[in-house]
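J.: My structure is in query-v5.cif, and what it holds is mmCIF, C-alpha atoms:
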```cif
data_final
loop_
_atom_site.label_atom_id
_atom_site.label_comp_id
_atom_site.auth_asym_id
_atom_site.auth_seq_id
_atom_site.Cartn_x
_atom_site.Cartn_y
_atom_site.Cartn_z
CA MET Q 1 -51.30 -24.85 76.90
CA ALA Q 2 -50.10 -28.43 76.38
CA THR Q 3 -47.57 -28.76 79.19
CA THR Q 4 -44.89 -27.00 81.23
CA LEU Q 5 -41.30 -28.24 81.35
CA THR Q 6 -39.18 -27.57 84.43
CA GLY Q 7 -35.54 -28.20 85.32
CA ILE Q 8 -33.74 -25.66 83.12
CA GLU Q 9 -32.73 -22.75 85.32
CA SER Q 10 -33.09 -19.24 83.85
CA PRO Q 11 -34.11 -20.37 80.35
CA HIS Q 12 -33.62 -17.45 77.99
CA ASN Q 13 -34.14 -18.69 74.45
CA VAL Q 14 -35.60 -21.70 72.67
CA GLN Q 15 -35.24 -22.89 69.08
CA ALA Q 16 -36.98 -25.69 67.17
CA THR Q 17 -35.18 -27.65 64.46
CA GLN Q 18 -36.63 -27.25 60.96
CA ASP Q 19 -38.30 -30.66 61.14
CA GLY Q 20 -39.75 -29.70 64.51
CA ARG Q 21 -38.61 -32.89 66.22
CA SER Q 22 -36.23 -31.23 68.68
CA ILE Q 23 -36.32 -28.09 70.77
CA TRP Q 24 -33.10 -26.46 71.99
CA ALA Q 25 -32.95 -24.21 75.04
CA VAL Q 26 -30.23 -22.40 76.97
CA SER Q 27 -29.84 -21.98 80.71
CA GLY Q 28 -28.11 -18.80 81.82
CA THR Q 29 -27.72 -19.95 85.42
CA THR Q 30 -26.00 -23.26 84.65
CA ALA Q 31 -24.34 -22.22 81.36
CA MET Q 32 -25.66 -25.00 79.19
CA ALA Q 33 -27.64 -25.81 76.05
CA VAL Q 34 -30.18 -28.64 76.10
CA GLU Q 35 -31.86 -30.65 73.32
CA ILE Q 36 -35.42 -31.83 74.09
CA ASP Q 37 -37.69 -34.16 72.11
CA SER Q 38 -40.70 -32.02 71.18
CA LYS Q 39 -43.20 -34.89 71.43
CA THR Q 40 -42.00 -36.85 74.46
CA SER Q 41 -40.19 -34.05 76.35
CA GLU Q 42 -37.22 -36.39 76.84
CA VAL Q 43 -33.77 -34.81 77.02
CA HIS Q 44 -31.59 -35.95 74.10
CA GLY Q 45 -28.45 -34.31 75.45
CA ALA Q 46 -26.84 -31.26 76.99
CA VAL Q 47 -23.61 -29.34 76.45
CA SER Q 48 -21.72 -26.72 78.44
CA THR Q 49 -21.62 -23.24 76.92
CA GLY Q 50 -19.65 -20.13 77.81
CA ALA Q 51 -20.78 -17.74 80.53
CA MET Q 52 -24.29 -16.29 80.36
CA PRO Q 53 -25.59 -17.98 77.18
CA ALA Q 54 -28.29 -15.87 75.57
CA HIS Q 55 -29.56 -17.46 72.35
CA VAL Q 56 -29.21 -20.82 70.62
CA ILE Q 57 -29.83 -21.59 66.93
CA VAL Q 58 -29.74 -24.74 64.81
CA THR Q 59 -28.11 -24.68 61.36
CA PRO Q 60 -30.39 -25.32 58.35
CA ASP Q 61 -28.82 -28.76 57.81
CA GLU Q 62 -29.49 -29.58 61.49
CA THR Q 63 -25.93 -30.76 62.14
CA ARG Q 64 -24.76 -27.98 64.45
CA THR Q 65 -25.97 -25.50 67.02
CA TYR Q 66 -24.49 -22.12 67.91
CA THR Q 67 -24.95 -20.23 71.19
CA THR Q 68 -24.03 -16.67 72.09
CA ASN Q 69 -22.06 -16.39 75.32
CA ASN Q 70 -22.97 -12.90 76.47
CA ALA Q 71 -20.43 -12.56 79.28
CA ASP Q 72 -17.54 -14.12 77.33
CA ASP Q 73 -17.95 -12.20 74.04
CA THR Q 74 -17.88 -15.53 72.22
CA VAL Q 75 -20.09 -17.87 70.23
CA SER Q 76 -19.92 -21.64 70.83
CA ALA Q 77 -20.40 -24.13 67.98
CA PHE Q 78 -21.56 -27.67 68.80
CA ASP Q 79 -21.83 -30.90 66.83
CA ILE Q 80 -25.33 -32.26 67.45
CA ALA Q 81 -24.53 -35.91 66.73
CA THR Q 82 -21.72 -36.08 69.29
CA MET Q 83 -22.79 -33.26 71.61
CA THR Q 84 -19.27 -31.86 71.57
CA THR Q 85 -17.84 -28.38 71.15
CA ILE Q 86 -16.47 -27.70 67.67
CA ALA Q 87 -15.27 -24.14 68.19
CA THR Q 88 -15.38 -21.13 70.49
CA ILE Q 89 -15.47 -18.02 68.32
CA PRO Q 90 -14.52 -14.52 69.59
CA VAL Q 91 -17.06 -11.91 68.45
CA GLY Q 92 -18.11 -8.40 69.47
CA ASP Q 93 -19.17 -6.89 72.77
CA GLY Q 94 -22.00 -8.74 74.54
CA PRO Q 95 -23.33 -11.11 71.85
CA HIS Q 96 -27.04 -11.71 72.23
CA GLY Q 97 -29.32 -12.69 69.33
CA LEU Q 98 -28.02 -14.61 66.32
CA ARG Q 99 -29.37 -16.35 63.23
CA SER Q 100 -28.06 -18.37 60.32
CA SER Q 101 -28.36 -17.23 56.73
CA PRO Q 102 -30.85 -19.36 54.74
CA ASP Q 103 -27.97 -21.12 52.93
CA GLY Q 104 -26.21 -21.85 56.22
CA LYS Q 105 -22.93 -20.29 55.09
CA THR Q 106 -22.88 -17.40 57.56
CA ILE Q 107 -24.24 -16.50 60.98
CA TYR Q 108 -24.97 -12.92 61.99
CA VAL Q 109 -24.64 -12.04 65.67
CA ALA Q 110 -26.07 -8.95 67.40
CA ASN Q 111 -23.53 -7.57 69.87
CA ASN Q 112 -25.87 -6.09 72.46
CA ASN Q 113 -23.29 -4.15 74.49
CA GLY Q 114 -21.90 -2.39 71.44
CA THR Q 115 -22.88 -1.11 68.00
CA THR Q 116 -22.04 -3.99 65.67
CA LEU Q 117 -23.09 -7.26 64.10
CA SER Q 118 -20.47 -10.01 63.87
CA VAL Q 119 -20.44 -12.23 60.77
CA ILE Q 120 -19.30 -15.82 61.26
CA ASP Q 121 -18.20 -18.09 58.40
CA THR Q 122 -19.59 -21.53 59.25
CA ALA Q 123 -17.01 -23.31 57.06
CA THR Q 124 -14.12 -22.02 59.19
CA ASN Q 125 -16.04 -21.03 62.36
CA THR Q 126 -14.30 -17.67 62.47
CA GLN Q 127 -15.51 -14.09 62.53
CA ILE Q 128 -14.97 -12.69 59.03
CA ASP Q 129 -16.53 -9.25 59.45
CA GLU Q 130 -18.00 -6.80 61.97
CA ILE Q 131 -20.63 -4.36 60.72
CA GLU Q 132 -21.50 -1.03 62.34
CA VAL Q 133 -25.29 -0.80 62.62
CA GLY Q 134 -26.29 1.36 65.63
CA LYS Q 135 -26.70 1.33 69.40
CA LEU Q 136 -27.21 -1.93 71.30
CA PRO Q 137 -28.33 -4.35 68.56
CA ALA Q 138 -30.36 -7.15 70.18
CA GLN Q 139 -31.43 -9.61 67.46
CA VAL Q 140 -31.27 -10.19 63.71
CA ALA Q 141 -33.64 -11.63 61.11
CA PHE Q 142 -32.89 -12.67 57.52
CA SER Q 143 -35.07 -12.17 54.47
CA PRO Q 144 -36.02 -15.60 53.05
CA ASP Q 145 -33.70 -15.07 50.04
CA GLY Q 146 -30.80 -14.12 52.32
CA LYS Q 147 -30.16 -10.81 50.54
CA PHE Q 148 -30.87 -8.69 53.60
CA VAL Q 149 -30.64 -9.00 57.35
CA TYR Q 150 -32.50 -6.79 59.80
CA ALA Q 151 -31.23 -5.84 63.26
CA SER Q 152 -33.20 -4.38 66.16
CA LEU Q 153 -31.35 -1.41 67.69
CA ASN Q 154 -32.42 -1.35 71.33
CA GLY Q 155 -30.47 1.84 72.05
CA ASP Q 156 -31.81 3.74 69.04
CA ASN Q 157 -35.47 2.60 69.11
CA ALA Q 158 -35.00 1.58 65.51
CA VAL Q 159 -34.33 -1.32 63.16
CA ALA Q 160 -31.47 -1.43 60.64
CA LYS Q 161 -31.46 -3.05 57.20
CA ILE Q 162 -28.14 -4.57 56.09
CA ASP Q 163 -27.19 -5.72 52.58
CA THR Q 164 -25.55 -9.13 53.03
CA ARG Q 165 -23.62 -8.83 49.77
CA THR Q 166 -21.83 -5.59 50.68
CA ARG Q 167 -22.20 -6.14 54.46
CA GLU Q 168 -23.21 -2.53 54.92
CA ARG Q 169 -26.19 -0.88 56.59
CA VAL Q 170 -28.42 0.54 53.86
CA SER Q 171 -31.27 2.01 55.91
CA THR Q 172 -32.63 2.59 59.42
CA LEU Q 173 -36.27 2.93 60.43
CA PRO Q 174 -37.73 4.10 63.79
CA VAL Q 175 -39.92 1.61 65.66
CA GLY Q 176 -41.21 1.49 69.24
CA VAL Q 177 -39.31 1.91 72.51
CA GLY Q 178 -36.76 -0.75 73.42
CA PRO Q 179 -36.99 -3.09 70.41
CA ILE Q 180 -35.73 -6.61 71.15
CA GLN Q 181 -36.55 -9.58 68.94
CA THR Q 182 -37.25 -9.50 65.22
CA PHE Q 183 -38.70 -12.02 62.77
CA VAL Q 184 -39.39 -12.01 59.01
CA SER Q 185 -42.50 -13.88 57.89
CA PRO Q 186 -41.65 -17.00 55.84
CA ASP Q 187 -43.41 -15.48 52.80
CA GLY Q 188 -41.05 -12.50 53.06
CA GLN Q 189 -43.84 -9.92 53.30
CA TYR Q 190 -43.46 -8.59 56.83
CA LEU Q 191 -40.77 -7.83 59.37
CA LEU Q 192 -42.01 -7.86 62.96
CA VAL Q 193 -40.19 -6.07 65.78
CA ALA Q 194 -41.18 -6.52 69.44
CA ASN Q 195 -40.94 -3.31 71.46
CA GLN Q 196 -40.23 -4.30 75.07
CA GLY Q 197 -39.54 -0.95 76.67
CA THR Q 198 -38.40 -1.30 80.30
CA GLU Q 199 -39.91 -2.93 83.39
CA GLU Q 200 -40.71 0.53 84.78
CA TYR Q 201 -42.07 1.77 81.46
CA PRO Q 202 -42.98 -1.36 79.50
CA GLY Q 203 -43.62 -1.30 75.80
CA ARG Q 204 -46.81 -3.02 74.68
CA THR Q 205 -46.48 -3.18 70.91
CA VAL Q 206 -45.12 -4.95 67.87
CA SER Q 207 -44.06 -2.87 64.87
CA VAL Q 208 -45.04 -4.39 61.53
CA LEU Q 209 -42.87 -3.34 58.57
CA ASP Q 210 -43.23 -4.02 54.85
CA THR Q 211 -40.02 -5.62 53.59
CA ASP Q 212 -40.48 -4.70 49.91
CA ASN Q 213 -40.01 -0.97 50.54
CA PHE Q 214 -38.76 -1.18 54.15
CA ASP Q 215 -41.57 1.01 55.40
CA PHE Q 216 -43.92 1.12 58.37
CA VAL Q 217 -47.24 -0.74 58.05
CA ARG Q 218 -48.75 -0.41 61.52
CA THR Q 219 -48.24 -0.81 65.25
CA VAL Q 220 -50.19 -3.59 66.97
CA GLU Q 221 -50.74 -3.62 70.74
CA THR Q 222 -49.91 -6.99 72.30
CA GLY Q 223 -49.00 -6.95 76.00
CA ALA Q 224 -46.61 -5.51 78.55
CA GLY Q 225 -42.97 -6.08 77.67
CA ALA Q 226 -43.33 -7.51 74.15
CA HIS Q 227 -40.10 -9.49 73.69
CA GLY Q 228 -39.97 -12.72 71.66
CA VAL Q 229 -41.45 -13.13 68.18
CA THR Q 230 -42.03 -16.13 65.94
CA ILE Q 231 -44.29 -16.76 62.93
CA ASP Q 232 -45.80 -20.04 61.77
CA PRO Q 233 -44.64 -21.48 58.39
CA THR Q 234 -47.85 -20.37 56.63
CA SER Q 235 -47.19 -16.73 57.63
CA ARG Q 236 -50.72 -16.47 59.02
CA HIS Q 237 -50.07 -16.13 62.75
CA ALA Q 238 -47.33 -14.51 64.81
CA TYR Q 239 -46.70 -15.33 68.46
CA ILE Q 240 -45.30 -12.70 70.83
CA THR Q 241 -44.15 -13.20 74.43
CA ASN Q 242 -45.15 -10.44 76.84
CA THR Q 243 -42.41 -10.54 79.47
CA PHE Q 244 -44.05 -8.34 82.11
CA GLU Q 245 -47.52 -9.82 81.64
CA ASP Q 246 -46.72 -13.57 81.58
CA THR Q 247 -48.67 -14.13 78.38
CA VAL Q 248 -48.21 -14.97 74.71
CA SER Q 249 -50.22 -12.95 72.18
CA VAL Q 250 -51.45 -14.56 68.96
CA LEU Q 251 -51.45 -12.03 66.13
CA ASP Q 252 -53.40 -12.69 62.92
CA LEU Q 253 -51.24 -11.22 60.14
CA LYS Q 254 -54.19 -10.98 57.73
CA THR Q 255 -56.39 -8.86 59.99
CA MET Q 256 -53.51 -7.37 62.02
CA LYS Q 257 -55.44 -8.10 65.20
CA VAL Q 258 -54.54 -10.05 68.34
CA VAL Q 259 -56.92 -13.03 68.36
CA ASP Q 260 -55.83 -14.72 71.59
CA SER Q 261 -53.77 -14.25 74.74
CA ILE Q 262 -52.31 -17.38 76.36
CA PRO Q 263 -51.17 -17.40 80.02
CA VAL Q 264 -47.69 -18.91 80.43
CA GLY Q 265 -44.92 -18.98 83.04
CA SER Q 266 -43.08 -16.13 84.70
CA MET Q 267 -41.37 -13.55 82.46
CA PRO Q 268 -41.52 -15.34 79.07
CA ASN Q 269 -38.83 -14.25 76.64
CA GLY Q 270 -37.67 -16.53 73.79
CA ILE Q 271 -40.27 -18.33 71.66
CA THR Q 272 -40.15 -20.76 68.73
CA PHE Q 273 -42.63 -22.57 66.47
CA SER Q 274 -42.58 -26.35 66.07
CA THR Q 275 -44.51 -28.27 63.43
CA GLN Q 276 -44.74 -31.21 65.85
CA ALA Q 277 -47.68 -31.32 68.23
CA ALA Q 278 -46.63 -31.54 71.87
CA GLY Q 279 -48.29 -34.17 74.01
CA ILE Q 280 -50.80 -32.93 76.56
CA ALA Q 281 -49.34 -33.69 79.98
CA PRO Q 282 -48.95 -32.37 83.51
CA THR Q 283 -45.81 -30.43 84.38
CA VAL Q 284 -42.77 -32.41 83.23
CA LYS Q 285 -39.47 -32.35 85.14
CA LEU Q 286 -36.55 -32.61 82.72
CA ASP Q 287 -33.74 -35.02 83.57
CA LEU Q 288 -30.58 -33.23 82.41
CA LYS Q 289 -28.07 -35.86 83.60
CA MET Q 290 -25.15 -33.48 83.31
CA ASP Q 291 -22.66 -31.70 85.55
CA VAL Q 292 -22.41 -28.05 84.62
CA THR Q 293 -20.53 -25.01 85.87
CA ASP Q 294 -22.19 -22.04 87.46
CA GLY Q 295 -22.84 -19.00 85.34
CA ALA Q 296 -24.74 -15.72 85.49
CA GLY Q 297 -28.27 -15.59 84.14
CA MET Q 298 -29.59 -13.31 81.41
CA GLU Q 299 -31.82 -10.54 82.70
CA HIS Q 300 -33.61 -9.54 79.53
#
```
Can you give me the file's structure in the form of structure tokens?
T.:
Amino acid sequence: MATTLTGIESPHNVQATQDGRSIWAVSGTTAMAVEIDSKTSEVHGAVSTGAMPAHVIVTPDETRTYTTNNADDTVSAFDIATMTTIATIPVGDGPHGLRSSPDGKTIYVANNNGTTLSVIDTATNTQIDEIEVGKLPAQVAFSPDGKFVYASLNGDNAVAKIDTRTRERVSTLPVGVGPIQTFVSPDGQYLLVANQGTEEYPGRTVSVLDTDNFDFVRTVETGAGAHGVTIDPTSRHAYITNTFEDTVSVLDLKTMKVVDSIPVGSMPNGITFSTQAAGIAPTVKLDLKMDVTDGAGMEH
């Protein structure tokens, strides 16, 4: 492990920009989003979000970020250059995971307290559709061509496939218990779904699905409370946070075997991949230089 950053209370999700130069993170406790230089660990800026921010994403053109505000049923849009709020967008019940379409024209939001995905038009920053998918959707993942989006259904122990042209669910497939985060490999071959389970009965697996026929490939055991998933740009290795084990599993997608387990901090959840190498350093205390309002932290 290169280093540990401290100073962001209750961090729930992290997201690297496409060029890997910046890492964004959200703090549920202080209701804020923070931009960090991935090489120097310096804070570029911070913005206030709504209550209980869950996830943050960066648009493909790297001009804006969007955060889900779980307790407010809204999504906040921010201009990166000025670190100002562009819009606060009402969405469904308990927005959690979200991702941008590859062309950047829409954002799909998983409404984790309900049964829907919200669709945001990034040109107008308004919700233009709400799609019924199943119980307690937690996160979404786009196919590289943007034709389909996949949603983990935490309440159904399943994953749904949605046609982005018709904005309708076309199929549902059972996975493990308590699926949370999802990720499609950059080569489009696999969809990975982390099965967290519960703290009392933790899941320990990742479901690997074939995207061509939307069918089950295999289940791979990772660690207790499998939660966050990311895949490197070559589609060779996946990285899975194990929330109840305080580790990150490294999964080789050619052999379908876990090749390493990396100890990390307490209850890891969100994870992202940066093409920039982080500097090896002792624990770094982040200087946020910002007054923020109190908010409630995310618990999963």
J.: Please expand the PyMOL selection byres ((chain Q and resi 5) around 6) into the concrete residues it hits in this file, giving the result as number ranges by chain.
T.: Q: 4, 6, 283-285
J.: If you apply the PyMOL selection byres ((chain Q and resi 223) around 10) to this file, what residues do you get, as a ChimeraX atom specification?
T.: /Q:195-196,202-206,220-222,224-227,240-249,258,261
J.: Would you mind telling me which residue in Q:Ile89, Q:Leu173, Q:Leu153, Q:Ile162 lies nearest to Ile128 of chain Q when using only C-alpha atoms?
T.: Q:Ile89
J.: Could you list, as a list in words, every residue matched by the PyMOL selection byres ((chain Q and resi 161) around 8) in this structure?
T.: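 When the PyMOL selection byres ((chain Q and resi 161) around 8) is applied to the shown file, the picked residues are Phe148, Val149, Tyr150, Ala151, Val159, Ala160, Ile162, Asp163, Arg169, Val170, Ser171 and Thr172 of chain Q.
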J.: Considering only C-alpha atoms, return as a list in words whatever protein or nucleic-acid residues lie within 9 Å of Pro144 of chain Q, sequence-local ones (same chain, fewer than 3 positions apart) excluded.
T.: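 Residues meeting the cut-off are Ser101, Pro102, Lys147, Phe148, Val184, Ser185, Pro186, Asp187 and Gly188 of chain Q.
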J.: So that I can check the surroundings of Gly146 of chain Q, please list as JSON, numbers by chain every protein, DNA and RNA residue that reaches within 10 Å of it, counting only C-alpha atoms and ignoring chain neighbours fewer than 4 positions away.
T.: {"Q": [100, 101, 102, 103, 104, 141, 142, 163, 164, 165]}
J.: With all atoms listed in the file counted, which protein, DNA or RNA residues have an atom no more than 12 Å from (-27.9, -27.8, 63.5) in the file frame? Please answer as a ChimeraX atom specification.
T.: /Q:15-19,22-24,35,56-67,77-83,99-100,104,122
J.: Reconstruct N, CA and C atoms of segment 115-140 of chain Q from the incomplete input and present them as a PDB file, in the coordinates of the input.
T.:
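Dumped everything to selection14.pdb:
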```pdb
ATOM      1  N   THR Q 115     -22.184  -1.738  69.134  1.00  0.00           N
ATOM      2  CA  THR Q 115     -22.880  -1.110  68.000  1.00  0.00           C
ATOM      3  C   THR Q 115     -22.742  -1.935  66.725  1.00  0.00           C
ATOM      4  N   THR Q 116     -22.386  -3.214  66.855  1.00  0.00           N
ATOM      5  CA  THR Q 116     -22.040  -3.990  65.670  1.00  0.00           C
ATOM      6  C   THR Q 116     -22.763  -5.330  65.591  1.00  0.00           C
ATOM      7  N   LEU Q 117     -22.747  -5.868  64.355  1.00  0.00           N
ATOM      8  CA  LEU Q 117     -23.090  -7.260  64.100  1.00  0.00           C
ATOM      9  C   LEU Q 117     -21.801  -7.981  63.713  1.00  0.00           C
ATOM     10  N   SER Q 118     -21.589  -9.158  64.288  1.00  0.00           N
ATOM     11  CA  SER Q 118     -20.470 -10.010  63.870  1.00  0.00           C
ATOM     12  C   SER Q 118     -20.972 -10.995  62.816  1.00  0.00           C
ATOM     13  N   VAL Q 119     -20.120 -11.262  61.820  1.00  0.00           N
ATOM     14  CA  VAL Q 119     -20.440 -12.230  60.770  1.00  0.00           C
ATOM     15  C   VAL Q 119     -19.499 -13.412  60.921  1.00  0.00           C
ATOM     16  N   ILE Q 120     -20.079 -14.598  61.092  1.00  0.00           N
ATOM     17  CA  ILE Q 120     -19.300 -15.820  61.260  1.00  0.00           C
ATOM     18  C   ILE Q 120     -19.389 -16.666  59.990  1.00  0.00           C
ATOM     19  N   ASP Q 121     -18.256 -17.132  59.502  1.00  0.00           N
ATOM     20  CA  ASP Q 121     -18.200 -18.090  58.400  1.00  0.00           C
ATOM     21  C   ASP Q 121     -18.315 -19.483  58.998  1.00  0.00           C
ATOM     22  N   THR Q 122     -19.371 -20.224  58.624  1.00  0.00           N
ATOM     23  CA  THR Q 122     -19.590 -21.530  59.250  1.00  0.00           C
ATOM     24  C   THR Q 122     -18.637 -22.607  58.705  1.00  0.00           C
ATOM     25  N   ALA Q 123     -17.978 -22.343  57.587  1.00  0.00           N
ATOM     26  CA  ALA Q 123     -17.010 -23.310  57.060  1.00  0.00           C
ATOM     27  C   ALA Q 123     -15.737 -23.330  57.903  1.00  0.00           C
ATOM     28  N   THR Q 124     -15.353 -22.138  58.397  1.00  0.00           N
ATOM     29  CA  THR Q 124     -14.120 -22.020  59.190  1.00  0.00           C
ATOM     30  C   THR Q 124     -14.396 -21.740  60.657  1.00  0.00           C
ATOM     31  N   ASN Q 125     -15.659 -21.415  60.991  1.00  0.00           N
ATOM     32  CA  ASN Q 125     -16.040 -21.030  62.360  1.00  0.00           C
ATOM     33  C   ASN Q 125     -15.145 -19.918  62.895  1.00  0.00           C
ATOM     34  N   THR Q 126     -15.039 -18.868  62.088  1.00  0.00           N
ATOM     35  CA  THR Q 126     -14.300 -17.670  62.470  1.00  0.00           C
ATOM     36  C   THR Q 126     -15.138 -16.441  62.142  1.00  0.00           C
ATOM     37  N   GLN Q 127     -14.882 -15.355  62.877  1.00  0.00           N
ATOM     38  CA  GLN Q 127     -15.510 -14.090  62.530  1.00  0.00           C
ATOM     39  C   GLN Q 127     -14.799 -13.509  61.314  1.00  0.00           C
ATOM     40  N   ILE Q 128     -15.577 -13.202  60.266  1.00  0.00           N
ATOM     41  CA  ILE Q 128     -14.970 -12.690  59.030  1.00  0.00           C
ATOM     42  C   ILE Q 128     -15.300 -11.216  58.797  1.00  0.00           C
ATOM     43  N   ASP Q 129     -16.215 -10.660  59.611  1.00  0.00           N
ATOM     44  CA  ASP Q 129     -16.530  -9.250  59.450  1.00  0.00           C
ATOM     45  C   ASP Q 129     -17.264  -8.761  60.693  1.00  0.00           C
ATOM     46  N   GLU Q 130     -17.236  -7.441  60.900  1.00  0.00           N
ATOM     47  CA  GLU Q 130     -18.000  -6.800  61.970  1.00  0.00           C
ATOM     48  C   GLU Q 130     -18.581  -5.524  61.391  1.00  0.00           C
ATOM     49  N   ILE Q 131     -19.908  -5.421  61.429  1.00  0.00           N
ATOM     50  CA  ILE Q 131     -20.630  -4.360  60.720  1.00  0.00           C
ATOM     51  C   ILE Q 131     -21.204  -3.361  61.708  1.00  0.00           C
ATOM     52  N   GLU Q 132     -20.906  -2.091  61.512  1.00  0.00           N
ATOM     53  CA  GLU Q 132     -21.500  -1.030  62.340  1.00  0.00           C
ATOM     54  C   GLU Q 132     -22.965  -0.848  61.940  1.00  0.00           C
ATOM     55  N   VAL Q 133     -23.864  -0.923  62.935  1.00  0.00           N
ATOM     56  CA  VAL Q 133     -25.290  -0.800  62.620  1.00  0.00           C
ATOM     57  C   VAL Q 133     -26.007   0.238  63.482  1.00  0.00           C
ATOM     58  N   GLY Q 134     -25.598   0.435  64.738  1.00  0.00           N
ATOM     59  CA  GLY Q 134     -26.290   1.360  65.630  1.00  0.00           C
ATOM     60  C   GLY Q 134     -26.188   0.867  67.062  1.00  0.00           C
ATOM     61  N   LYS Q 135     -26.866   1.572  67.975  1.00  0.00           N
ATOM     62  CA  LYS Q 135     -26.700   1.330  69.400  1.00  0.00           C
ATOM     63  C   LYS Q 135     -27.422   0.071  69.891  1.00  0.00           C
ATOM     64  N   LEU Q 136     -26.690  -0.781  70.564  1.00  0.00           N
ATOM     65  CA  LEU Q 136     -27.210  -1.930  71.300  1.00  0.00           C
ATOM     66  C   LEU Q 136     -28.086  -2.859  70.444  1.00  0.00           C
ATOM     67  N   PRO Q 137     -27.551  -3.394  69.359  1.00  0.00           N
ATOM     68  CA  PRO Q 137     -28.330  -4.350  68.560  1.00  0.00           C
ATOM     69  C   PRO Q 137     -28.652  -5.589  69.397  1.00  0.00           C
ATOM     70  N   ALA Q 138     -29.905  -6.059  69.317  1.00  0.00           N
ATOM     71  CA  ALA Q 138     -30.360  -7.150  70.180  1.00  0.00           C
ATOM     72  C   ALA Q 138     -30.595  -8.455  69.438  1.00  0.00           C
ATOM     73  N   GLN Q 139     -31.138  -8.391  68.219  1.00  0.00           N
ATOM     74  CA  GLN Q 139     -31.430  -9.610  67.460  1.00  0.00           C
ATOM     75  C   GLN Q 139     -31.438  -9.291  65.975  1.00  0.00           C
ATOM     76  N   VAL Q 140     -31.288 -10.330  65.168  1.00  0.00           N
ATOM     77  CA  VAL Q 140     -31.270 -10.190  63.710  1.00  0.00           C
ATOM     78  C   VAL Q 140     -32.315 -11.112  63.102  1.00  0.00           C
TER      79      VAL Q 140
END
```
